[in-house]
Structures are given as structure tokens and as C-alpha cells.
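Structure data follow from entry-v1.csv (CSV, C-alpha atoms):
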chain,number,residue,atom,x,y,z
T,1,MET,CA,18.2,-36.8,-30.0
T,2,THR,CA,18.0,-34.9,-33.3
T,3,GLU,CA,17.8,-31.2,-33.8
T,4,ASP,CA,14.2,-31.7,-35.2
T,5,GLN,CA,13.1,-33.5,-32.0
T,6,ASP,CA,14.6,-30.7,-29.9
T,7,GLU,CA,12.6,-28.2,-32.0
T,8,GLU,CA,9.5,-30.2,-31.5
T,9,LEU,CA,10.0,-30.3,-27.7
T,10,LEU,CA,10.6,-26.6,-27.6
T,11,THR,CA,7.4,-26.0,-29.6
T,12,ALA,CA,5.5,-28.0,-27.1
T,13,LEU,CA,7.2,-26.0,-24.2
T,14,ARG,CA,6.2,-22.8,-25.9
T,15,GLU,CA,2.7,-24.0,-26.1
T,16,ALA,CA,2.8,-25.0,-22.4
T,17,ALA,CA,4.1,-21.5,-21.4
T,18,ALA,CA,1.4,-19.8,-23.5
T,19,GLN,CA,-1.2,-21.7,-21.5
T,20,ALA,CA,0.4,-21.7,-18.0
T,21,ASP,CA,2.1,-18.4,-17.9
T,22,PRO,CA,0.9,-16.1,-20.7
T,23,VAL,CA,1.7,-12.3,-20.6
T,24,PRO,CA,-1.1,-10.9,-18.5
T,25,ASP,CA,-3.5,-8.6,-20.3
T,26,LEU,CA,-2.8,-5.8,-18.0
T,27,VAL,CA,0.9,-5.9,-18.8
T,28,LEU,CA,0.0,-5.7,-22.5
T,29,ARG,CA,-2.4,-2.8,-22.0
T,30,SER,CA,0.1,-0.9,-19.9
T,31,ALA,CA,2.8,-1.5,-22.5
T,32,ARG,CA,0.6,-0.1,-25.3
T,33,ALA,CA,-0.3,2.9,-23.2
T,34,ALA,CA,3.5,3.6,-22.6
T,35,LEU,CA,3.7,5.4,-25.9
T,36,SER,CA,1.7,8.3,-24.4
T,37,THR,CA,4.7,9.1,-22.2
T,38,ARG,CA,6.7,10.1,-25.3
T,39,ASP,CA,8.2,13.5,-24.5
T,40,VAL,CA,10.1,14.8,-27.5
T,41,ASP,CA,10.9,18.2,-26.1
T,42,ALA,CA,12.4,17.3,-22.7
T,43,GLU,CA,16.0,16.8,-22.1
T,44,LEU,CA,16.8,13.5,-20.4
T,45,ALA,CA,18.5,13.5,-17.0
T,46,GLU,CA,20.3,10.2,-16.7
T,47,LEU,CA,20.5,8.1,-13.5
T,48,THR,CA,24.0,8.6,-12.1
T,49,LEU,CA,23.5,6.9,-8.7
T,50,ASP,CA,21.1,4.4,-7.1
T,51,SER,CA,22.0,3.5,-3.5
T,52,SER,CA,20.0,0.3,-3.7
T,53,GLN,CA,22.5,-1.0,-6.2
T,54,LEU,CA,25.7,-0.3,-4.3
T,55,ALA,CA,27.4,-3.4,-3.1
T,56,GLY,CA,28.8,-3.7,0.4
T,57,VAL,CA,27.2,-0.6,1.9
T,58,VAL,CA,26.1,-1.5,5.4
T,59,ARG,CA,23.2,0.5,6.4
T,60,ALA,CA,22.1,1.4,9.9
T,61,GLU,CA,19.2,-0.3,11.5
T,62,GLY,CA,16.0,1.4,10.5
T,63,ASP,CA,17.6,3.3,7.6
T,64,ASP,CA,15.3,2.5,4.8
T,65,VAL,CA,16.0,5.6,2.6
T,66,ARG,CA,17.1,4.9,-1.0
T,67,LEU,CA,18.9,7.6,-2.8
T,68,LEU,CA,18.8,8.2,-6.6
T,69,SER,CA,20.6,11.0,-8.5
T,70,PHE,CA,19.9,12.2,-12.0
T,71,GLU,CA,21.9,14.8,-13.9
T,72,THR,CA,22.0,16.9,-17.0
T,73,PRO,CA,24.8,19.4,-17.5
T,74,GLN,CA,22.5,22.1,-16.1
T,75,VAL,CA,20.2,20.3,-13.7
T,76,SER,CA,20.6,17.8,-10.9
T,77,ILE,CA,17.7,16.0,-9.2
T,78,GLU,CA,18.2,13.9,-6.1
T,79,LEU,CA,15.5,11.6,-4.8
T,80,GLN,CA,15.2,10.2,-1.3
T,81,VAL,CA,12.9,7.3,-1.5
T,82,GLU,CA,11.2,5.7,1.5
T,83,TYR,CA,8.8,2.8,1.5
T,84,VAL,CA,5.9,3.1,3.9
T,85,HIS,CA,3.3,0.3,4.0
T,86,GLY,CA,4.0,-0.6,0.4
T,87,ARG,CA,3.6,3.0,-0.8
T,88,VAL,CA,6.4,5.3,-1.9
T,89,ALA,CA,7.3,8.6,-0.2
T,90,LEU,CA,9.6,10.9,-2.2
T,91,ARG,CA,11.7,13.8,-1.0
T,92,GLY,CA,13.5,15.5,-3.9
T,93,LEU,CA,16.2,18.1,-4.0
T,94,VAL,CA,16.6,20.0,-7.3
T,95,ALA,CA,19.5,22.2,-8.4
T,96,GLY,CA,19.3,24.3,-11.6
T,97,ALA,CA,15.5,24.4,-11.8
T,98,SER,CA,12.6,25.9,-9.8
T,99,GLY,CA,8.9,26.2,-9.8
T,100,GLU,CA,7.2,22.8,-9.8
T,101,ALA,CA,8.3,19.2,-10.0
T,102,VAL,CA,5.9,16.9,-11.8
T,103,VAL,CA,6.1,13.3,-10.5
T,104,GLU,CA,4.8,10.8,-13.0
T,105,VAL,CA,3.8,7.3,-11.9
T,106,ALA,CA,1.5,4.6,-13.3
T,107,GLY,CA,-1.9,6.1,-13.5
T,108,GLY,CA,-1.1,9.7,-12.6
T,109,ARG,CA,0.9,12.9,-12.3
T,110,HIS,CA,1.5,14.7,-9.1
T,111,THR,CA,2.5,18.4,-9.2
T,112,CYS,CA,4.7,19.4,-6.3
T,113,PRO,CA,6.0,22.9,-5.6
T,114,ILE,CA,9.8,23.3,-5.2
T,115,ASP,CA,10.7,25.4,-2.2
T,116,GLU,CA,13.4,28.1,-2.1
T,117,GLU,CA,16.0,25.6,-1.0
T,118,GLY,CA,15.1,23.2,-3.9
T,119,TRP,CA,13.1,20.6,-2.0
T,120,PHE,CA,9.8,19.0,-3.0
T,121,THR,CA,7.9,16.1,-1.5
T,122,ALA,CA,5.3,13.6,-2.8
T,123,THR,CA,3.8,10.8,-0.7
T,124,GLY,CA,1.5,7.9,-1.0
T,125,LEU,CA,2.8,7.1,-4.5
T,126,PRO,CA,2.4,3.6,-6.0
T,127,ARG,CA,5.5,1.5,-6.5
T,128,GLY,CA,6.8,1.0,-10.0
T,129,ALA,CA,8.2,3.1,-12.8
T,130,THR,CA,8.5,6.8,-11.8
T,131,ARG,CA,10.0,9.9,-13.3
T,132,VAL,CA,10.2,13.6,-12.4
T,133,ARG,CA,10.0,16.5,-14.7
T,134,VAL,CA,11.2,20.0,-13.9
T,135,THR,CA,11.8,23.2,-15.9
T,136,ALA,CA,15.5,24.4,-16.0
T,137,ALA,CA,16.4,28.0,-15.3
T,138,ASP,CA,16.7,28.6,-19.0
T,139,GLY,CA,13.2,27.3,-19.7
T,140,THR,CA,14.2,23.8,-21.0
T,141,ALA,CA,12.0,20.9,-19.8
T,142,VAL,CA,14.1,18.3,-18.1
T,143,THR,CA,12.8,14.8,-17.2
T,144,THR,CA,14.6,12.1,-15.3
T,145,SER,CA,14.9,8.7,-17.0
T,146,TRP,CA,12.4,6.2,-15.7
T,147,ALA,CA,13.3,4.4,-12.5
T,148,SER,CA,11.5,1.6,-10.9
T,149,LEU,CA,10.7,2.6,-7.3
V,150,MET,CA,6.6,-4.4,-41.4
V,151,ASP,CA,10.2,-4.5,-40.3
V,152,THR,CA,11.4,-3.3,-36.9
V,153,THR,CA,13.3,-0.3,-38.3
V,154,LYS,CA,10.1,1.1,-39.9
V,155,LEU,CA,8.0,0.4,-36.8
V,156,LEU,CA,10.6,2.2,-34.6
V,157,GLU,CA,10.6,5.2,-36.9
V,158,LEU,CA,6.8,5.4,-36.9
V,159,ALA,CA,6.6,4.9,-33.2
V,160,ALA,CA,9.1,7.6,-32.6
V,161,ASP,CA,6.7,9.9,-34.5
V,162,GLY,CA,3.9,8.8,-32.2
V,163,ASP,CA,2.3,6.2,-34.4
V,164,GLN,CA,0.2,4.1,-31.9
V,165,ALA,CA,-0.4,1.2,-34.4
V,166,ALA,CA,3.4,0.8,-35.0
V,167,TRP,CA,4.0,0.9,-31.2
V,168,ASP,CA,1.3,-1.7,-30.6
V,169,ALA,CA,3.0,-3.9,-33.2
V,170,LEU,CA,6.3,-3.7,-31.4
V,171,VAL,CA,4.5,-4.5,-28.1
V,172,ASP,CA,2.8,-7.5,-29.6
V,173,ARG,CA,6.0,-8.7,-31.1
V,174,TYR,CA,8.3,-8.5,-28.1
V,175,SER,CA,6.1,-8.7,-24.9
V,176,SER,CA,6.5,-12.5,-24.7
V,177,LEU,CA,10.3,-12.1,-24.8
V,178,LEU,CA,10.3,-9.6,-22.0
V,179,TRP,CA,7.8,-11.5,-19.9
V,180,SER,CA,9.9,-14.7,-20.4
V,181,VAL,CA,13.1,-13.0,-19.3
V,182,ALA,CA,11.4,-11.7,-16.2
V,183,ARG,CA,10.1,-15.2,-15.4
V,184,ALA,CA,13.5,-16.7,-16.1
V,185,HIS,CA,14.8,-14.4,-13.3
V,186,ARG,CA,12.1,-15.9,-11.1
V,187,LEU,CA,10.2,-12.7,-10.6
V,188,GLY,CA,6.6,-12.9,-9.2
V,189,ASP,CA,3.6,-11.4,-11.0
V,190,ALA,CA,3.9,-7.8,-9.6
V,191,ASP,CA,7.7,-7.5,-10.0
V,192,ALA,CA,7.6,-9.1,-13.5
V,193,ALA,CA,4.9,-6.6,-14.6
V,194,ASP,CA,7.0,-3.8,-13.2
V,195,VAL,CA,10.3,-4.7,-15.0
V,196,VAL,CA,8.5,-5.2,-18.3
V,197,GLN,CA,6.7,-1.9,-18.0
V,198,THR,CA,9.9,-0.1,-17.0
V,199,THR,CA,11.6,-1.6,-20.1
V,200,TRP,CA,8.8,-0.3,-22.4
V,201,LEU,CA,8.9,3.1,-20.8
V,202,LYS,CA,12.7,3.2,-21.3
V,203,LEU,CA,12.2,2.3,-25.0
V,204,VAL,CA,9.8,5.2,-25.4
V,205,GLU,CA,12.4,7.4,-23.7
V,206,ASN,CA,15.0,6.1,-26.2
V,207,LEU,CA,13.0,5.8,-29.4
V,208,ARG,CA,15.3,8.2,-31.2
V,209,ARG,CA,18.4,6.9,-29.6
V,210,ILE,CA,18.3,3.3,-30.7
V,211,GLN,CA,21.4,3.2,-32.9
V,212,ASP,CA,20.8,0.0,-34.7
V,213,PRO,CA,17.1,-0.9,-35.1
V,214,ALA,CA,17.9,-4.4,-36.1
V,215,ARG,CA,19.3,-4.9,-32.7
V,216,LEU,CA,16.1,-3.8,-30.9
V,217,PRO,CA,15.2,-7.2,-29.5
V,218,GLY,CA,18.8,-7.4,-28.1
V,219,TRP,CA,18.4,-4.0,-26.6
V,220,LEU,CA,15.1,-5.0,-25.0
V,221,ALA,CA,16.5,-8.2,-23.7
V,222,THR,CA,19.5,-6.4,-22.1
V,223,THR,CA,17.4,-3.7,-20.7
V,224,VAL,CA,14.9,-6.1,-19.1
V,225,ARG,CA,17.7,-8.2,-17.7
V,226,HIS,CA,19.2,-5.1,-16.0
V,227,GLU,CA,15.8,-4.2,-14.6
V,228,CYS,CA,15.4,-7.8,-13.3
V,229,LEU,CA,18.8,-7.7,-11.5
V,230,ARG,CA,18.0,-4.3,-10.1
V,231,GLN,CA,14.7,-5.5,-8.8
V,232,ILE,CA,16.4,-8.6,-7.2
V,233,ARG,CA,19.2,-6.6,-5.6
V,234,ARG,CA,16.7,-4.1,-4.3
V,235,ALA,CA,14.4,-6.8,-2.8
V,236,GLU,CA,17.4,-8.4,-1.1
V,237,ARG,CA,18.3,-5.1,0.6
V,238,GLU,CA,14.8,-4.2,1.6
V,239,ARG,CA,13.0,-5.5,4.6
V,240,PRO,CA,10.3,-7.8,3.4
V,241,THR,CA,7.0,-6.0,3.1
V,242,PRO,CA,3.7,-7.7,2.0
V,243,ASP,CA,4.5,-6.5,-1.5
V,244,ASP,CA,7.6,-8.6,-1.7
V,245,GLU,CA,6.0,-11.9,-0.6
V,246,SER,CA,5.1,-13.0,-4.1
V,247,TRP,CA,8.7,-12.9,-5.1
V,248,ARG,CA,10.3,-14.2,-1.9
V,249,GLY,CA,7.6,-16.7,-1.1
V,250,ARG,CA,8.1,-18.7,-4.3
V,251,PRO,CA,9.9,-22.0,-3.6
V,252,ALA,CA,12.6,-22.9,-6.0
V,253,ASP,CA,10.9,-26.0,-7.3
V,254,GLU,CA,7.5,-24.4,-8.0
V,255,PRO,CA,7.0,-22.7,-11.4
V,256,GLY,CA,4.3,-20.6,-9.7
V,257,VAL,CA,1.4,-21.3,-11.9
V,258,ASP,CA,-1.8,-23.3,-11.6
V,259,THR,CA,-1.0,-26.4,-13.7
V,260,SER,CA,-4.8,-27.1,-13.8
V,261,LEU,CA,-4.9,-24.3,-16.3
V,262,LEU,CA,-3.1,-26.5,-18.7
V,263,ARG,CA,-5.3,-27.8,-21.5
V,264,GLU,CA,-3.3,-30.8,-22.3
V,265,GLU,CA,-1.8,-33.3,-19.9
V,266,ARG,CA,1.3,-33.6,-22.0
V,267,ASN,CA,2.0,-29.9,-21.5
V,268,ALA,CA,1.3,-30.2,-17.8
V,269,GLY,CA,3.8,-33.0,-17.6
V,270,LEU,CA,6.4,-30.9,-19.4
V,271,TRP,CA,5.7,-27.9,-17.1
V,272,ARG,CA,6.1,-30.2,-14.0
V,273,GLY,CA,9.3,-31.7,-15.5
V,274,LEU,CA,10.7,-28.2,-16.0
V,275,ALA,CA,10.5,-27.5,-12.3
V,276,LYS,CA,12.9,-30.5,-11.7
V,277,LEU,CA,15.7,-29.1,-13.9
V,278,SER,CA,18.7,-27.2,-12.7
V,279,GLU,CA,18.3,-23.4,-12.3
V,280,GLN,CA,20.5,-22.9,-15.3
V,281,CYS,CA,18.2,-25.1,-17.5
V,282,GLN,CA,15.0,-23.5,-16.2
V,283,ARG,CA,16.3,-20.0,-17.0
V,284,LEU,CA,17.5,-20.9,-20.5
V,285,LEU,CA,14.4,-22.9,-21.4
V,286,ARG,CA,12.0,-20.2,-20.0
V,287,VAL,CA,13.6,-17.6,-22.3
V,288,LEU,CA,13.6,-20.0,-25.3
V,289,MET,CA,9.8,-20.4,-24.7
V,290,ALA,CA,9.3,-16.8,-25.7
V,291,ASP,CA,7.0,-16.5,-28.8
V,292,PRO,CA,8.2,-15.7,-31.4
V,293,ALA,CA,11.3,-17.9,-30.7
V,294,PRO,CA,14.2,-15.6,-29.8
V,295,SER,CA,17.5,-15.7,-31.6
V,296,TYR,CA,20.6,-16.9,-29.8
V,297,ALA,CA,21.9,-13.3,-29.8
V,298,GLU,CA,18.7,-12.3,-28.0
V,299,VAL,CA,19.0,-15.1,-25.5
V,300,SER,CA,22.6,-14.2,-24.9
V,301,ALA,CA,21.6,-10.6,-24.1
V,302,ALA,CA,18.7,-11.7,-21.9
V,303,LEU,CA,20.8,-14.0,-19.7
V,304,ASP,CA,24.3,-12.6,-20.2
V,305,VAL,CA,25.7,-15.9,-21.4
V,306,PRO,CA,28.0,-16.5,-24.5
V,307,VAL,CA,26.1,-17.2,-27.7
V,308,GLY,CA,28.3,-20.3,-28.2
V,309,SER,CA,27.1,-21.9,-25.0
V,310,ILE,CA,23.4,-21.7,-25.8
V,311,GLY,CA,23.2,-24.6,-28.3
V,312,PRO,CA,25.0,-27.2,-26.1
V,313,THR,CA,23.2,-26.1,-22.9
V,314,ARG,CA,19.9,-26.2,-24.7
V,315,GLN,CA,20.5,-29.7,-26.0
V,316,ARG,CA,21.6,-30.9,-22.5
V,317,CYS,CA,18.6,-29.3,-20.8
V,318,LEU,CA,16.1,-30.7,-23.2
V,319,ARG,CA,17.6,-34.2,-22.8
V,320,ARG,CA,17.2,-33.9,-19.0
V,321,LEU,CA,13.6,-32.7,-19.4
V,322,ARG,CA,12.8,-35.8,-21.6
V,323,GLU,CA,14.3,-38.0,-18.9
V,324,HIS,CA,12.1,-36.4,-16.2
V,325,VAL,CA,9.0,-36.6,-18.2
V,326,ARG,CA,9.7,-40.2,-19.1
V,327,THR,CA,10.3,-41.1,-15.4
V,328,GLU,CA,7.0,-39.4,-14.5
V,329,ASP,CA,5.2,-41.4,-17.2
V,330,GLY,CA,6.6,-44.6,-15.9
V,331,SER,CA,5.7,-44.1,-12.3
Represent the structure from my file as C-alpha cells, please.
Amino acid sequence: MTEDQDEELLTALREAAAQADPVPDLVLRSARAALSTRDVDAELAELTLDSSQLAGVVRAEGDDVRLLSFETPQVSIELQVEYVHGRVALRGLVAGASGEAVVEVAGGRHTCPIDEEGWFTATGLPRGATRVRVTAADGTAVTTSWASL
Amino acid sequence: MDTTKLLELAADGDQAAWDALVDRYSSLLWSVARAHRLGDADAADVVQTTWLKLVENLRRIQDPARLPGWLATTVRHECLRQIRRAERERPTPDDESWRGRPADEPGVDTSLLREERNAGLWRGLAKLSEQCQRLLRVLMADPAPSYAEVSAALDVPVGSIGPTRQRCLRRLREHVRTEDGS
């Protein structure tokens, strides 16, 4: 078969995909809305550990907790994630920041007080992209990178 | 408008520029998610996470010309993350869409297809090897992705794409022809 015929077949396939499996409207709408999460002032705390990605770790029966760690030079945020009936329950431990943790998920923000030991909790969250914003001791806003929970 | 300009404007909060990027690359991201056999909910999730990560990194994209490659790599990582996570988790009703999909079922209602020829192609696709299905699904993105983008999306060498593509399309023709003859 010639290169032209291959191109023709791919064009037909592209058309078939556009009909049978187009990008859903909701996906496009959410993508356009994503720009509103632009946060030019905040410092980014990068993901340094995600227990769900560690190979070969044998977990105890009934141990469904996923651990994620995020860090900047000044702040660390650890998240313990549990899945309860398809919803997400978060327990966070913050070092280098205090006050409130703002948990951002699709369709909402949840403000959670951080206790003296650095813990905060948020429950009943939807699954999907999530991030947490805190204020460092020196006043800098710090936000975790987005993680899909 | 070129990608560099759109990225600059979007980094300053220009919604129209951002929408243009979304319109240009959503099909690529969705195709990569489907090539990894993610169901509707998981595919939507990895695509959205990829866009959010782009917003997060708008000022950090070193080489704007490589944005589609960056997007393809990022969505591939998110797909693998989702697959690994689902494997480790106990199945919940939310995971059924992904786990419940048989390997030979493209997962869409073929009655939606306008033309019988396209329906035949779509059915033929399901009979191909997993490698062929993955590659062709990414190549079906609109606009057509470059080989560099396909390489980033599937973590395969650029040089392997042409020969694999040729072989997969030949197989597909054979399947479609067999179906017509029966």
C-alpha cells in the first residue's frame, strides 16, 4: 500500500473516532475553566512521594491509606488519603505553615483549620485533581502541585 | 496564532488564548487516555489533571514549540499513575468502567457511527493487537500528531512509528476486507 492510501485510511479513522469517541463536552468545559486556577503568587510544593506508585510494597489487609508528600525548602505537606464509598477523605500534616489549609477540588474549595500539631482533615471530597494551599511562616502562599486523588 | 504566543498570553490570564490551546490539543490528550484504555471517568480525570498542570507550569515551559510533546508526556504519566493506582486499589464501583472493559471492546456505541464504513473500521480496530490499537488511537487525534508527539505519548522511539503504523494499517485493511467478504 502506498503512503497516500495509508493517509486516506488514517483520515477515515480520524473521522470514525470523531464520531464514535469524541472529546466529551464536559471535558472541554472543565479544561477551559482550568485557567481560573492560575496562581501566580504561590510557591509550588512539588510531589516528592506517592505511595500508590511504589513498586513491590506489600500492604497489610485493610490498609487503604495512600500517602503523598509535597515539599518546598520551607514547607512540607503530607497527605494521608483514604477512599470511602468512592469519596476521598484527607488527613494532612503540615510543617512550616499554620492557620488554614485550603483544599481545592473540582467544583469547590474547602477551608480546614490546621491544629497546633500541624494536622488538618477534609472528608467527603470528590475524586480527581486536588491541591492544598497553605501560608508559610514568612507569609508566602504555598500550593501543592495538582495530584489526581 | 502560534503556540508560543498563545502560551505567553495564557500565562497572563488571557482566556481566549487558553481556549485556543484547549481546542487545539484536547483531542490529542483524549486520544492518549483512550490509547491507555481508560474509561470515561478516568480519561476525563487524567486530561483535566494535565490541563491543571499546564496552568501550574505556564511560566515554566522552557520551549513552547515542544508544548504538544510536554502535554503528551504529562498525560502519559497521568495515565500510568491512574492504571497503577487502580491496580493497587480494591475495586470500588468507580473503578468498574475501567476494569469492566473487555480487551476486544472499544467501549463505544457503534450505532452512533454515521457511516457504515467507519463502523466497519472501528470494529476492525478492536481486532488488532494492543500495540496497534494504542498507536492508531493516538494517530487518530485531530489535528494529526507529529511522530515526536506520538513518541512522547506512548514512550516509543520515533523511528519505530512509521513501520508500525504501516503494519497496523495493513492488518486493519485485512480485517475490514474479511468482514466485508463474510
V:Met150, V:Arg183, V:Gln197, V:Trp167: which is nearest T:Val27, counting all atoms listed in the file?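 Ranked by minimum distance to T:Val27, first place goes to V:Gln197.
Distance-wise, atom CA of T:Val94 and atom CA of T:Ile114 end up 7.8 Å apart.
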Best match for closeness to chain T among V:Lys276, V:Arg230, V:Arg320, V:Arg326, counting all atoms listed in the file: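 Closest residue, counting all atoms listed in the file: V:Arg230.
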Quick check: residues of chain V within 6 Å of chain T, all atoms listed in the file, returned as a list in words. Asp168, Ala193, Asp194, Gln197, Thr198, Leu201, Val204, Arg234, Leu262, Asn267 and Met289 of chain V
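The coordinates place atom CA of T:Gly118 at 7.9 Å from atom CA of T:Gly92.
Near T:Ser69, within a cut-off of 7 Å and counting all atoms listed in the file, sit the residues Leu47, Thr48, Leu49, Asp50, Ile77, Glu78 and Leu79 of chain T, with same-chain residues fewer than 6 positions away left out.
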Considering only C-alpha atoms, state which residue in the set V:Ala190, V:Leu178, V:Ile232, V:Cys281 is at the smallest distance from V:Trp219. V:Leu178
How many Å lie between atom CA of V:Arg319 and atom CA of V:Asp304, rounded to one decimal?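 Separating atom CA of V:Arg319 from atom CA of V:Asp304 is a distance of 22.8 Å.
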Do a neighbour search on T:Phe120 at 8 Å with only C-alpha atoms, toss out local chain neighbours closer than 2 positions, and write the hits as an mmCIF file with C-alpha atoms, in the frame of the given file.
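Final file, selection-v2.cif:
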data_model
loop_
_atom_site.group_PDB
_atom_site.id
_atom_site.type_symbol
_atom_site.label_atom_id
_atom_site.label_comp_id
_atom_site.auth_asym_id
_atom_site.auth_seq_id
_atom_site.Cartn_x
_atom_site.Cartn_y
_atom_site.Cartn_z
ATOM 1 C CA ARG T 91 11.700 13.800 -1.000
ATOM 2 C CA GLY T 92 13.500 15.500 -3.900
ATOM 3 C CA LEU T 93 16.200 18.100 -4.000
ATOM 4 C CA ALA T 101 8.300 19.200 -10.000
ATOM 5 C CA CYS T 112 4.700 19.400 -6.300
ATOM 6 C CA PRO T 113 6.000 22.900 -5.600
ATOM 7 C CA ILE T 114 9.800 23.300 -5.200
ATOM 8 C CA ASP T 115 10.700 25.400 -2.200
ATOM 9 C CA GLY T 118 15.100 23.200 -3.900
ATOM 10 C CA ALA T 122 5.300 13.600 -2.800
#
T:Gly108, T:Leu68, T:Pro126, T:Val75 ranked by distance to T:Ala141, top pick (using only C-alpha atoms):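 Selected residue with least distance to T:Ala141: T:Val75.
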Compare T:Gly124, T:Val142, T:Asp41, T:Val134 by their minimum atom-to-atom distance to T:Glu100, counting all atoms listed in the file, and give me the closest one.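 Between T:Gly124, T:Val142, T:Asp41, T:Val134, the residue approaching T:Glu100 most closely is T:Val134.
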